[in-house]
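Below is my_file38.txt, holding compact mmCIF, C-alpha atoms.
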```
# COMPACT_ATOMS: atom_id res chain seq x y z
CA MET X 1 12.80 19.80 72.45
CA THR X 2 16.29 19.47 73.95
CA ALA X 3 19.62 20.33 72.37
CA SER X 4 20.82 16.78 72.97
CA SER X 5 17.99 15.42 70.81
CA LEU X 6 19.66 17.21 67.88
CA ILE X 7 22.77 15.03 68.27
CA GLY X 8 21.00 12.09 66.61
CA PHE X 9 19.99 14.19 63.62
CA GLY X 10 23.54 15.57 63.39
CA VAL X 11 24.92 12.03 63.27
CA VAL X 12 22.46 11.13 60.50
CA PHE X 13 23.55 14.22 58.53
CA LEU X 14 27.22 13.21 58.89
CA LEU X 15 26.49 9.62 57.93
CA VAL X 16 24.43 10.42 54.82
CA CYS X 17 26.63 13.31 53.71
CA GLY X 18 29.90 11.42 54.26
CA THR X 19 28.69 8.22 52.58
CA THR X 20 27.15 10.00 49.59
CA SER X 21 30.20 12.21 49.21
CA ALA X 22 32.52 9.21 49.23
CA LEU X 23 30.32 7.38 46.69
CA THR X 24 29.94 10.34 44.30
CA THR X 25 33.68 11.05 44.48
CA LEU X 26 34.56 7.42 43.78
CA THR X 27 32.17 7.49 40.82
CA LEU X 28 33.81 10.71 39.62
CA MET X 29 37.24 9.10 39.85
CA ALA X 30 36.10 5.95 38.07
CA ARG X 31 34.46 7.95 35.26
CA ARG X 32 37.22 10.54 35.07
CA ARG X 33 38.47 9.62 31.60
CA VAL X 34 34.98 9.26 30.16
CA LEU X 35 33.96 12.69 31.47
CA ALA X 36 37.18 14.29 30.22
CA ARG X 37 36.62 12.76 26.78
CA ARG X 38 33.01 13.96 26.65
CA GLY X 39 34.22 17.54 27.18
CA PRO X 40 35.19 20.02 29.89
CA ALA X 41 31.63 21.26 30.47
CA VAL X 42 30.40 17.81 31.44
CA GLN X 43 33.56 17.13 33.44
CA ARG X 44 33.03 20.33 35.41
CA ARG X 45 29.33 19.65 35.91
CA GLY X 46 30.24 16.20 37.25
CA THR X 47 32.49 17.72 39.90
CA GLU X 48 29.88 20.30 40.86
CA LEU X 49 27.22 17.63 41.24
CA ALA X 50 29.60 15.49 43.31
CA ALA X 51 30.02 18.47 45.65
CA THR X 52 26.34 19.48 45.74
CA ILE X 53 24.41 16.21 45.95
CA PRO X 54 25.77 14.93 49.32
CA ALA X 55 24.92 18.09 51.25
CA LEU X 56 21.47 18.36 49.62
CA LEU X 57 20.56 14.71 50.16
CA ALA X 58 21.75 14.74 53.75
CA THR X 59 19.70 17.89 54.44
CA ALA X 60 16.65 16.32 52.79
CA VAL X 61 16.97 13.09 54.79
CA VAL X 62 17.34 14.97 58.06
CA ALA X 63 14.34 17.16 57.19
CA ILE X 64 12.25 14.03 56.45
CA LEU X 65 13.30 12.44 59.76
CA VAL X 66 12.52 15.61 61.71
CA LEU X 67 9.10 15.85 60.05
CA GLU X 68 8.46 12.19 60.75
CA SER X 69 9.27 12.72 64.42
CA LEU X 70 6.87 15.68 64.55
CA VAL X 71 3.91 14.46 62.53
CA GLY X 72 4.43 10.68 62.18
CA THR X 73 3.34 7.95 64.54
CA ASP X 74 4.98 8.40 67.92
CA HIS X 75 6.39 4.95 68.60
CA CYS X 76 8.85 6.08 71.26
CA ASP X 77 6.86 4.59 74.16
CA THR X 78 6.70 1.17 72.52
CA HIS X 79 10.44 0.48 72.52
CA GLY X 80 12.91 1.96 74.87
CA ASP X 81 15.98 -0.03 73.92
CA HIS X 82 17.57 2.61 71.69
CA ALA X 83 17.93 6.36 71.39
CA HIS X 84 15.13 7.95 69.37
CA LEU X 85 15.48 10.26 66.41
CA CYS X 86 12.88 12.46 67.92
CA LEU X 87 12.81 16.09 68.98
CA GLN X 88 10.68 15.21 72.03
CA HIS X 89 12.27 11.97 73.17
CA GLY X 90 15.81 12.20 71.85
CA SER X 91 17.61 13.57 74.89
CA ILE X 92 19.24 10.16 75.54
CA TRP X 93 21.63 10.85 72.63
CA ILE X 94 23.86 12.79 75.01
CA GLN X 95 24.62 9.45 76.71
CA ARG X 96 25.89 7.95 73.43
CA GLY X 97 29.56 8.86 73.77
CA TRP X 98 30.50 7.78 70.26
CA ALA X 99 27.74 9.93 68.74
CA VAL X 100 28.88 13.00 70.66
CA VAL X 101 32.51 12.35 69.66
CA ALA X 102 31.52 11.82 66.00
CA LEU X 103 29.49 15.02 65.95
CA VAL X 104 32.20 17.06 67.65
CA ALA X 105 34.82 15.62 65.27
CA GLY X 106 32.61 16.39 62.26
CA ALA X 107 31.99 19.93 63.48
CA ALA X 108 35.72 20.38 64.13
CA VAL X 109 36.57 19.26 60.57
CA VAL X 110 34.00 21.62 59.05
CA GLY X 111 35.18 24.42 61.38
CA ALA X 112 38.81 23.87 60.41
CA ARG X 113 37.87 23.95 56.72
CA VAL X 114 35.96 27.21 57.25
CA VAL X 115 39.01 28.75 58.95
CA VAL X 116 41.40 27.59 56.20
CA LEU X 117 39.07 28.90 53.50
CA ALA X 118 38.56 32.23 55.28
CA ILE X 119 42.31 32.69 55.83
CA GLY X 120 42.98 31.91 52.15
CA ILE X 121 40.37 34.43 51.02
CA VAL X 122 41.50 37.20 53.39
CA ARG X 123 45.18 36.63 52.61
CA GLY X 124 44.45 36.54 48.89
CA ARG X 125 42.48 39.79 49.09
CA VAL X 126 45.29 41.55 50.94
CA MET X 127 47.92 40.35 48.46
CA VAL X 128 45.76 41.29 45.49
CA SER X 129 45.15 44.79 46.82
CA ARG X 130 48.90 45.24 47.41
CA LEU X 131 49.62 44.03 43.90
CA ARG X 132 47.01 46.39 42.47
CA GLY X 133 48.92 49.26 44.05
CA THR X 134 52.09 48.36 42.14
CA ALA X 135 50.56 47.65 38.73
CA GLU X 136 49.87 49.83 35.73
CA VAL X 137 46.61 49.42 33.86
CA SER X 138 47.17 48.53 30.23
CA ARG X 139 44.38 47.40 27.88
CA GLY X 140 42.20 46.53 30.86
CA VAL X 141 44.80 44.36 32.57
CA GLN X 142 47.06 45.11 35.51
CA LEU X 143 50.58 44.97 34.13
CA VAL X 144 53.02 44.22 36.95
CA GLU X 145 56.70 45.03 36.55
CA SER X 146 58.26 41.71 37.57
CA GLU X 147 60.85 39.19 36.44
CA ARG X 148 58.50 36.39 37.46
CA VAL X 149 56.43 34.91 34.68
CA PHE X 150 52.77 34.94 35.66
CA CYS X 151 49.32 35.66 34.38
CA PHE X 152 46.24 35.16 36.51
CA VAL X 153 42.81 36.39 37.40
CA ALA X 154 42.33 37.27 41.04
CA GLY X 155 39.49 38.69 43.09
CA ILE X 156 36.09 37.19 43.76
CA VAL X 157 33.98 40.34 43.85
CA ARG X 158 36.04 42.34 41.35
CA PRO X 159 37.99 39.82 39.26
CA THR X 160 41.05 41.43 37.70
CA ILE X 161 43.70 40.17 35.31
CA PHE X 162 47.30 40.49 36.50
CA VAL X 163 50.16 39.88 34.07
CA SER X 164 53.87 40.36 34.61
CA THR X 165 56.12 42.23 32.21
CA ALA X 166 58.22 39.05 32.03
CA ALA X 167 55.21 37.16 30.65
CA ARG X 168 54.59 40.00 28.22
CA SER X 169 58.05 39.75 26.76
CA ALA X 170 58.03 35.92 26.67
CA LEU X 171 55.08 35.73 24.29
CA THR X 172 54.47 36.77 20.72
CA SER X 173 51.73 39.28 20.10
CA ASP X 174 49.29 36.53 19.02
CA GLU X 175 50.09 34.36 22.04
CA TRP X 176 49.62 37.39 24.30
CA ASP X 177 46.17 38.03 22.81
CA ALA X 178 45.29 34.35 23.25
CA MET X 179 46.36 34.38 26.90
CA LEU X 180 44.36 37.52 27.62
CA ALA X 181 41.32 36.06 25.85
CA HIS X 182 41.58 33.05 28.18
CA GLU X 183 41.76 35.27 31.26
CA ARG X 184 38.96 37.56 30.07
CA SER X 185 36.76 34.50 29.69
CA HIS X 186 37.45 33.65 33.37
CA VAL X 187 36.34 37.19 34.28
CA HIS X 188 33.28 37.08 32.00
CA HIS X 189 32.10 33.74 33.42
CA ARG X 190 32.87 34.75 37.02
CA ASP X 191 34.74 31.49 37.55
CA LEU X 192 36.18 32.55 40.88
CA SER X 193 32.68 33.13 42.34
CA ARG X 194 31.71 29.71 41.08
CA ARG X 195 34.85 28.23 42.60
CA LEU X 196 33.96 29.83 45.95
CA ARG X 197 30.49 28.24 45.83
CA LEU X 198 32.20 24.90 45.19
CA GLU X 199 34.49 25.48 48.18
CA LEU X 200 31.48 26.17 50.42
CA LEU X 201 29.86 22.90 49.35
CA LEU X 202 33.13 21.05 49.88
CA LEU X 203 33.07 22.06 53.55
CA PHE X 204 30.81 19.03 54.06
CA SER X 205 32.62 16.59 51.80
CA ALA X 206 34.17 13.27 52.82
CA PRO X 207 37.91 13.29 53.62
CA LEU X 208 40.05 13.59 50.44
CA ALA X 209 36.96 14.09 48.26
CA ALA X 210 37.65 17.83 48.10
CA ILE X 211 41.13 17.23 46.62
CA VAL X 212 39.74 15.08 43.79
CA ILE X 213 36.82 17.41 43.08
CA ARG X 214 38.92 20.61 43.16
CA GLU X 215 41.58 19.16 40.87
CA GLN X 216 39.07 17.99 38.27
CA TRP X 217 37.08 21.23 38.47
CA ASP X 218 40.22 23.32 37.91
CA VAL X 219 41.35 21.29 34.91
CA ALA X 220 37.87 21.31 33.35
CA THR X 221 37.49 25.06 33.87
CA GLU X 222 40.89 25.78 32.33
CA ARG X 223 39.98 23.63 29.33
CA LEU X 224 36.71 25.54 28.93
CA ARG X 225 38.51 28.87 28.99
CA ASP X 226 41.13 27.55 26.55
CA ALA X 227 38.29 26.67 24.18
CA ASP X 228 36.77 30.15 24.63
CA ALA X 229 40.14 31.76 23.92
CA ALA X 230 40.62 29.59 20.82
CA GLU X 231 37.23 30.74 19.58
CA THR X 232 38.04 34.39 20.28
CA VAL X 233 41.41 34.45 18.54
CA GLY X 234 40.35 31.91 15.91
CA SER X 235 43.35 29.67 16.46
CA PRO X 236 43.54 26.82 18.99
CA GLU X 237 47.23 26.37 18.08
CA THR X 238 48.02 29.89 19.27
CA VAL X 239 46.39 29.24 22.64
CA ALA X 240 48.29 25.95 22.89
CA SER X 241 51.50 27.70 21.94
CA ALA X 242 50.95 30.37 24.63
CA LEU X 243 50.43 27.60 27.21
CA VAL X 244 53.62 25.79 26.23
CA GLN X 245 55.62 29.00 26.09
CA MET X 246 54.48 30.04 29.59
CA ALA X 247 55.26 26.56 30.94
CA ARG X 248 58.69 26.71 29.33
CA GLN X 249 59.45 30.07 30.95
CA LEU X 250 58.40 28.76 34.36
CA THR X 251 60.56 25.68 33.95
CA LEU X 252 63.53 27.81 32.80
CA ALA X 253 63.11 30.07 35.83
CA ARG X 254 63.13 27.02 38.09
CA VAL X 255 66.29 25.71 36.42
CA ALA X 256 67.92 29.15 36.74
CA ALA X 257 67.07 29.17 40.44
CA GLY X 258 68.85 25.81 40.79
CA ALA X 259 65.71 23.93 41.79
CA ALA X 260 65.68 20.18 41.22
CA PHE X 261 63.32 18.91 38.52
CA THR X 262 60.15 17.68 40.17
CA PRO X 263 57.63 16.70 37.51
CA HIS X 264 54.40 18.51 38.29
CA GLY X 265 51.43 19.41 36.16
CA GLU X 266 52.69 17.62 33.05
CA HIS X 267 49.49 15.65 32.49
CA VAL X 268 47.37 18.78 32.96
CA LEU X 269 49.34 20.78 30.40
CA THR X 270 49.39 17.86 27.97
CA ALA X 271 45.64 17.32 28.36
CA ARG X 272 44.95 21.03 27.74
CA VAL X 273 47.17 21.21 24.67
CA GLU X 274 45.82 17.97 23.19
CA SER X 275 42.27 19.05 23.89
CA LEU X 276 42.88 22.29 21.98
CA LEU X 277 44.57 20.61 19.04
CA ASP X 278 41.97 17.85 18.77
CA ALA X 279 39.17 20.43 18.88
CA SER X 280 37.49 18.28 21.56
CA PRO X 281 33.79 18.95 22.14
CA ARG X 282 32.89 21.22 25.05
CA GLY X 283 30.31 18.71 26.20
CA GLU X 284 27.54 21.17 27.04
CA PRO X 285 24.62 18.93 25.93
CA ASP X 286 26.11 16.09 27.98
CA ALA X 287 26.46 18.44 30.94
CA ARG X 288 22.76 19.29 30.76
CA ARG X 289 21.91 15.61 30.44
CA LEU X 290 24.06 14.76 33.46
CA THR X 291 22.32 17.46 35.51
CA ARG X 292 18.92 16.05 34.55
CA VAL X 293 19.96 12.50 35.47
CA ALA X 294 21.35 13.70 38.81
CA LEU X 295 18.19 15.70 39.52
CA VAL X 296 15.88 12.80 38.70
CA THR X 297 17.97 10.33 40.73
CA SER X 298 18.19 12.64 43.74
CA THR X 299 14.49 13.47 43.59
CA ALA X 300 13.66 9.76 43.37
CA PHE X 301 15.91 9.08 46.36
CA VAL X 302 14.23 11.82 48.41
CA ALA X 303 10.77 10.70 47.31
CA ILE X 304 11.49 7.10 48.33
CA ALA X 305 12.86 8.35 51.66
CA ALA X 306 9.69 10.42 52.17
CA VAL X 307 7.34 7.55 51.26
CA PHE X 308 9.19 5.15 53.52
CA ALA X 309 9.87 7.78 56.17
CA GLU X 310 8.62 5.66 59.06
CA PRO X 311 10.64 2.46 58.36
CA LEU X 312 13.65 4.60 57.40
CA HIS X 313 13.31 6.53 60.62
CA HIS X 314 13.02 3.37 62.65
CA ALA X 315 15.85 1.60 60.82
CA LEU X 316 18.22 4.52 61.33
CA GLU X 317 17.50 4.86 65.03
CA THR X 318 17.85 1.09 65.47
CA LEU X 319 21.17 1.22 63.64
CA LEU X 320 22.55 4.32 65.34
CA GLY X 321 20.70 4.60 68.62
CA MET Y 1 65.63 44.71 62.31
CA ARG Y 2 62.43 43.39 60.76
CA SER Y 3 62.49 41.52 57.48
CA PHE Y 4 61.17 43.14 54.34
CA ASP Y 5 58.26 40.75 54.42
CA ASP Y 6 57.04 42.31 57.67
CA ALA Y 7 57.67 45.80 56.41
CA ARG Y 8 56.45 45.58 52.86
CA VAL Y 9 53.44 47.81 53.23
CA LEU Y 10 53.99 51.41 54.07
CA GLY Y 11 51.46 53.69 55.65
CA ASP Y 12 50.55 56.93 53.95
CA LEU Y 13 53.02 59.06 55.94
CA GLU Y 14 55.77 56.47 55.56
CA GLN Y 15 55.22 56.42 51.81
CA ARG Y 16 55.40 60.23 51.64
CA VAL Y 17 58.60 60.27 53.69
CA MET Y 18 60.17 57.67 51.41
CA GLU Y 19 59.16 59.64 48.31
CA VAL Y 20 60.83 62.76 49.74
CA LEU Y 21 64.02 60.89 50.50
CA TRP Y 22 64.07 59.13 47.12
CA ASP Y 23 63.89 62.56 45.49
CA ASP Y 24 66.34 64.34 47.74
CA ALA Y 25 68.71 62.71 50.25
CA PRO Y 26 70.33 62.77 52.70
CA LEU Y 27 68.04 64.89 54.86
CA ALA Y 28 67.80 65.67 58.54
CA VAL Y 29 64.54 65.25 60.45
CA ARG Y 30 63.79 68.97 60.30
CA GLU Y 31 64.20 69.03 56.51
CA VAL Y 32 61.97 65.99 56.03
CA GLN Y 33 59.38 67.65 58.27
CA ARG Y 34 59.49 70.77 56.09
CA HIS Y 35 58.99 68.74 52.88
CA VAL Y 36 56.33 66.33 54.14
CA GLY Y 37 54.34 68.17 56.74
CA ARG Y 38 54.39 71.71 55.38
CA GLY Y 39 54.54 72.82 59.01
CA LYS Y 40 51.49 70.76 60.01
CA LEU Y 41 53.30 67.65 61.28
CA ALA Y 42 55.02 67.58 64.64
CA TYR Y 43 58.78 67.15 64.63
CA THR Y 44 58.44 64.07 66.87
CA THR Y 45 55.92 62.47 64.47
CA VAL Y 46 58.37 62.76 61.58
CA MET Y 47 61.24 61.57 63.78
CA THR Y 48 59.26 58.50 64.87
CA THR Y 49 58.32 57.72 61.26
CA LEU Y 50 61.94 57.99 60.14
CA ASP Y 51 63.04 55.77 62.99
CA ARG Y 52 60.39 53.20 62.06
CA LEU Y 53 61.52 53.19 58.43
CA TYR Y 54 65.13 52.82 59.58
CA LYS Y 55 64.14 49.81 61.69
CA LYS Y 56 62.31 48.32 58.68
CA GLY Y 57 65.58 48.50 56.79
CA LEU Y 58 64.27 51.01 54.27
CA LEU Y 59 66.43 53.91 55.47
CA ALA Y 60 70.06 54.27 56.47
CA ARG Y 61 71.20 57.00 58.84
CA GLU Y 62 74.33 58.58 60.16
CA LYS Y 63 74.98 61.08 62.87
CA VAL Y 64 76.07 64.49 61.71
CA GLY Y 65 76.80 66.69 64.70
CA LEU Y 66 74.00 66.07 67.17
CA ALA Y 67 71.34 64.96 64.68
CA PHE Y 68 70.76 62.01 62.38
CA VAL Y 69 70.55 62.45 58.64
CA TYR Y 70 68.61 59.85 56.67
CA ARG Y 71 68.89 58.41 53.17
CA PRO Y 72 67.09 55.50 51.45
CA ALA Y 73 68.69 52.10 51.94
CA ILE Y 74 67.10 50.86 48.70
CA ASP Y 75 66.09 52.78 45.60
CA ARG Y 76 62.51 53.26 44.43
CA GLU Y 77 62.70 50.49 41.79
CA GLU Y 78 64.14 47.97 44.22
CA TYR Y 79 61.43 48.83 46.73
CA ARG Y 80 58.74 48.38 44.07
CA ARG Y 81 60.28 45.06 43.01
CA ARG Y 82 60.23 43.81 46.59
CA VAL Y 83 56.61 44.90 47.11
CA VAL Y 84 55.61 42.97 43.99
CA GLU Y 85 57.59 39.92 45.07
CA ALA Y 86 56.14 40.03 48.58
CA ALA Y 87 52.62 40.15 47.13
CA VAL Y 88 53.07 37.68 44.27
CA ALA Y 89 55.16 34.95 45.89
CA PRO Y 90 52.60 33.87 48.51
CA LEU Y 91 49.77 34.20 46.00
CA LEU Y 92 51.41 31.93 43.48
CA GLU Y 93 53.39 29.56 45.67
CA HIS Y 94 51.06 28.75 48.52
CA GLY Y 95 48.01 28.14 46.42
CA THR Y 96 44.96 30.32 46.87
CA GLY Y 97 42.71 28.51 44.43
CA ALA Y 98 39.58 30.15 45.73
CA VAL Y 99 40.80 33.63 44.83
CA LEU Y 100 43.07 33.02 41.88
CA ALA Y 101 43.01 31.27 38.50
CA ALA Y 102 46.41 31.12 36.80
CA PHE Y 103 46.87 30.67 33.04
CA VAL Y 104 49.54 28.05 33.74
CA ASP Y 105 50.09 26.56 37.18
CA VAL Y 106 53.12 28.41 38.46
CA ALA Y 107 54.33 25.27 40.23
CA ALA Y 108 54.30 23.38 36.93
CA ASP Y 109 57.62 21.70 36.27
CA ILE Y 110 57.55 20.23 32.80
CA SER Y 111 60.38 18.20 31.30
CA GLU Y 112 62.14 19.57 28.24
CA ASP Y 113 61.18 16.41 26.35
CA ASN Y 114 57.51 16.94 27.03
CA LEU Y 115 57.66 20.62 26.09
CA ARG Y 116 59.39 19.75 22.83
CA HIS Y 117 56.81 17.03 22.15
CA LEU Y 118 53.97 19.51 22.67
CA GLU Y 119 55.65 22.06 20.42
CA GLN Y 120 55.97 19.41 17.73
CA LEU Y 121 52.26 18.62 18.04
CA ILE Y 122 51.43 22.31 17.62
CA ALA Y 123 53.75 22.66 14.63
CA ALA Y 124 52.25 19.57 13.01
CA LYS Y 125 48.74 20.91 13.54
CA ARG Y 126 49.75 24.27 12.04
CA LYS Y 127 51.11 22.51 8.98
CA ARG Y 128 47.87 20.62 8.51
CA THR Y 129 45.66 23.72 8.73
```

Take the structure I supplied and represent it as structure tokens, if you would.
Amino acid sequence: MTASSLIGFGVVFLLVCGTTSALTTLTLMARRRVLARRGPAVQRRGTELAATIPALLATAVVAILVLESLVGTDHCDTHGDHAHLCLQHGSIWIQRGWAVVALVAGAAVVGARVVVLAIGIVRGRVMVSRLRGTAEVSRGVQLVESERVFCFVAGIVRPTIFVSTAARSALTSDEWDAMLAHERSHVHHRDLSRRLRLELLLLFSAPLAAIVIREQWDVATERLRDADAAETVGSPETVASALVQMARQLTLARVAAGAAFTPHGEHVLTARVESLLDASPRGEPDARRLTRVALVTSTAFVAIAAVFAEPLHHALETLLG
Amino acid sequence: MRSFDDARVLGDLEQRVMEVLWDDAPLAVREVQRHVGRGKLAYTTVMTTLDRLYKKGLLAREKVGLAFVYRPAIDREEYRRRVVEAAVAPLLEHGTGAVLAAFVDVAADISEDNLRHLEQLIAAKRKRT
């Protein structure tokens, strides 16, 4: 086996992963409204499947091709006109300039994403630990003396709720309880760990797919936690009111700072409030159904690829080699 | 002089020196050494720390006779406020989705009309229930 024979398999991984990622993301975009209407659980599951399936399918296809090259019929001697997807006879891939460039470019994109993610995590950890040092613990939350209005959960390993005193004084007691119930649900469900897993899968996604998937995942997760908070405090209106009040304070702060009005996040806030007031379904049964459909479809795809491993193998090396 | 952003985090000794000076200022190096080190810290160590804090903009100093005396350039509350701001601003403004989930997107800029519309929806729902 030579290292250059791996280039061909790398190109196949990129091709399958990129194509599947683009297709699943386009499907997600096209079905966006339907998923949102069916409930946040199914919407979130849709985004997670769109992030997971491409990497899994591409790995499965490469594994099938590698196995085929090891245990299948060795046809390499019978046609020498293209590079072989073969661990023994694939060294010619190094002479395919485009394949080397594509692989290097793909690796560079994944590498850059790893660096950006790592920097974000390290920087976030440092900031969170600094913030922890300035906060007072009150009712299990870190209360930060600040004129900024904020409330968030931070920390992947040890998720913690941080709330500013400005947010405290902007809300009524009921709204405050609703907001904390929302944040405690994030902590309870370890959403930030789940988000990190999503980010790791998105390292291999097609260009721009990550933006679509992240955005939909965030909105769906917030809607889920809004629903949890509504259940905890027994009043969806109070959760909605806390959301609007916090948004109003942020907008007022921006006006006070003299910033120009740049509409941002209006549709997200509106969707969350309407979802609370309409008592929209969470969509958990649909989420389970969607997972089953995705599993069956992916398994069928892999099974077909395994059954037709030889023609698939040959077709791909004819196409790429 | 470095910006506050560079200087926002103080080491243990720096923090202790600042606490001493917030409680009792102005002080000369020898007096700070007496308060902080209880005789265990070298004079030069305390002097270097004070100089570093001066360069960070956290201390002011003036020459009295042959020696400098130091006092805080900002009070304890202002320092705390700046530490919070230095930690919160990048967290909220530059987006660290993988490590943070905010109740409301801090970058959200919602029109007054839309906010009022949403409030009306909530009020109407409250009336119905």

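Separating atom CA of Arg76 of chain Y from atom CA of Gln249 of chain X is a distance of 27.0 Å.
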
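Between atom CA of Val128 of chain X and atom CA of Leu208 of chain X lies a distance of 28.7 Å.
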
> How many Å separate atom CA of Ser280 of chain X from atom CA of Glu183 of chain X?
Replying inline: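 Atom CA of Ser280 of chain X sits 20.0 Å away from atom CA of Glu183 of chain X.
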
>> Let me make sure I understand: among Y:Val88, Y:Glu14, Y:Lys63, Y:Gln33, which one has the smallest atom-to-atom distance to Ala102 of chain Y if we use all atoms listed in the file?
In response: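 Between Y:Val88, Y:Glu14, Y:Lys63, Y:Gln33, the residue approaching Ala102 of chain Y most closely is Y:Val88.
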
>> I'd like the neighbourhood of segment 152-168 of chain X as a list in words, where a residue qualifies if any of its atoms comes within 7 Å (using only C-alpha atoms), though same-chain residues fewer than 4 positions away should be ignored.
In response: Arg125, Val128, Val141, Gln142, Leu143, Val144, Glu145, Ser146, Glu147, Arg148, Trp176, Glu183, Val187, Leu192 and Ser193 of chain X; Val99, Leu100, Ala101, Ala102 and Phe103 of chain Y

Could you save the residues just selected, with C-alpha atoms, as an mmCIF file, in the frame of the given file?
```
data_model
loop_
_atom_site.group_PDB
_atom_site.id
_atom_site.type_symbol
_atom_site.label_atom_id
_atom_site.label_comp_id
_atom_site.auth_asym_id
_atom_site.auth_seq_id
_atom_site.Cartn_x
_atom_site.Cartn_y
_atom_site.Cartn_z
ATOM 1 C CA ARG X 125 42.480 39.790 49.090
ATOM 2 C CA VAL X 128 45.760 41.290 45.490
ATOM 3 C CA VAL X 141 44.800 44.360 32.570
ATOM 4 C CA GLN X 142 47.060 45.110 35.510
ATOM 5 C CA LEU X 143 50.580 44.970 34.130
ATOM 6 C CA VAL X 144 53.020 44.220 36.950
ATOM 7 C CA GLU X 145 56.700 45.030 36.550
ATOM 8 C CA SER X 146 58.260 41.710 37.570
ATOM 9 C CA GLU X 147 60.850 39.190 36.440
ATOM 10 C CA ARG X 148 58.500 36.390 37.460
ATOM 11 C CA TRP X 176 49.620 37.390 24.300
ATOM 12 C CA GLU X 183 41.760 35.270 31.260
ATOM 13 C CA VAL X 187 36.340 37.190 34.280
ATOM 14 C CA LEU X 192 36.180 32.550 40.880
ATOM 15 C CA SER X 193 32.680 33.130 42.340
ATOM 16 C CA VAL Y 99 40.800 33.630 44.830
ATOM 17 C CA LEU Y 100 43.070 33.020 41.880
ATOM 18 C CA ALA Y 101 43.010 31.270 38.500
ATOM 19 C CA ALA Y 102 46.410 31.120 36.800
ATOM 20 C CA PHE Y 103 46.870 30.670 33.040
#
```

> If we count only C-alpha atoms, which residues of chain X reach to within 7 Å of chain Y? Please list them as a PyMOL selection string.
Replying inline: chain X and resi 120-121+124+127+130-131+134+146+151-156+192+195-196+237+241+243-244+246-248+250-251+261-266+277

> Contacts of Ala99 of chain X at 8 Å or less, counting all atoms listed in the file, minus same-chain residues fewer than 6 places along, as a PyMOL selection string?
Replying inline: chain X and resi 7-8+11+93

>> Which residues are close to Ala73 of chain Y, i.e. within 8 Å by all atoms listed in the file, leaving aside same-chain residues fewer than 6 positions away? Reply as a list of chain:residue names.
In response: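 Residues near the query, excluding close chain neighbours: Y:Gly57, Y:Leu58, Y:Leu59, Y:Ala60.
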
Using only the atoms of segment 26-45 of chain X listed in the file, plus 5 Å on each side, state the axis-aligned box centre and edge lengths in Å rounded to one decimal, as lines of an AutoDock Vina configuration file.
```
center_x = 33.9
center_y = 13.6
center_z = 35.2
size_x = 19.1
size_y = 25.3
size_z = 27.1
```

List as a PDB file with C-alpha atoms, in the frame of the given file: which residues have an atom within 6 Å of (66.8, 61.4, 51.4), counting all atoms listed in the file?
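Generated file (point_11.pdb):
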```
ATOM      1  CA  LEU Y  21      64.020  60.890  50.500  1.00  0.00           C
ATOM      2  CA  TRP Y  22      64.070  59.130  47.120  1.00  0.00           C
ATOM      3  CA  ASP Y  24      66.340  64.340  47.740  1.00  0.00           C
ATOM      4  CA  ALA Y  25      68.710  62.710  50.250  1.00  0.00           C
ATOM      5  CA  PRO Y  26      70.330  62.770  52.700  1.00  0.00           C
ATOM      6  CA  LEU Y  27      68.040  64.890  54.860  1.00  0.00           C
ATOM      7  CA  TYR Y  70      68.610  59.850  56.670  1.00  0.00           C
ATOM      8  CA  ARG Y  71      68.890  58.410  53.170  1.00  0.00           C
ATOM      9  CA  PRO Y  72      67.090  55.500  51.450  1.00  0.00           C
TER      10      PRO Y  72
END
```

>> When you count only C-alpha atoms, which of these residues is closest to Gln245 of chain X: X:Val62, X:Ile94, X:Leu171, X:Val116?
In response: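 Closest residue, counting only C-alpha atoms: X:Leu171.
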
>> Distance cut-off 12 Å, centre (62.3, 70.2, 56.4) in file coordinates, counting only C-alpha atoms: which residues qualify? Return them as JSON, numbers by chain.
In response: {"Y": [17, 20, 21, 24, 25, 26, 27, 28, 29, 30, 31, 32, 33, 34, 35, 36, 37, 38, 39, 40, 41, 42, 43, 46, 47, 69]}
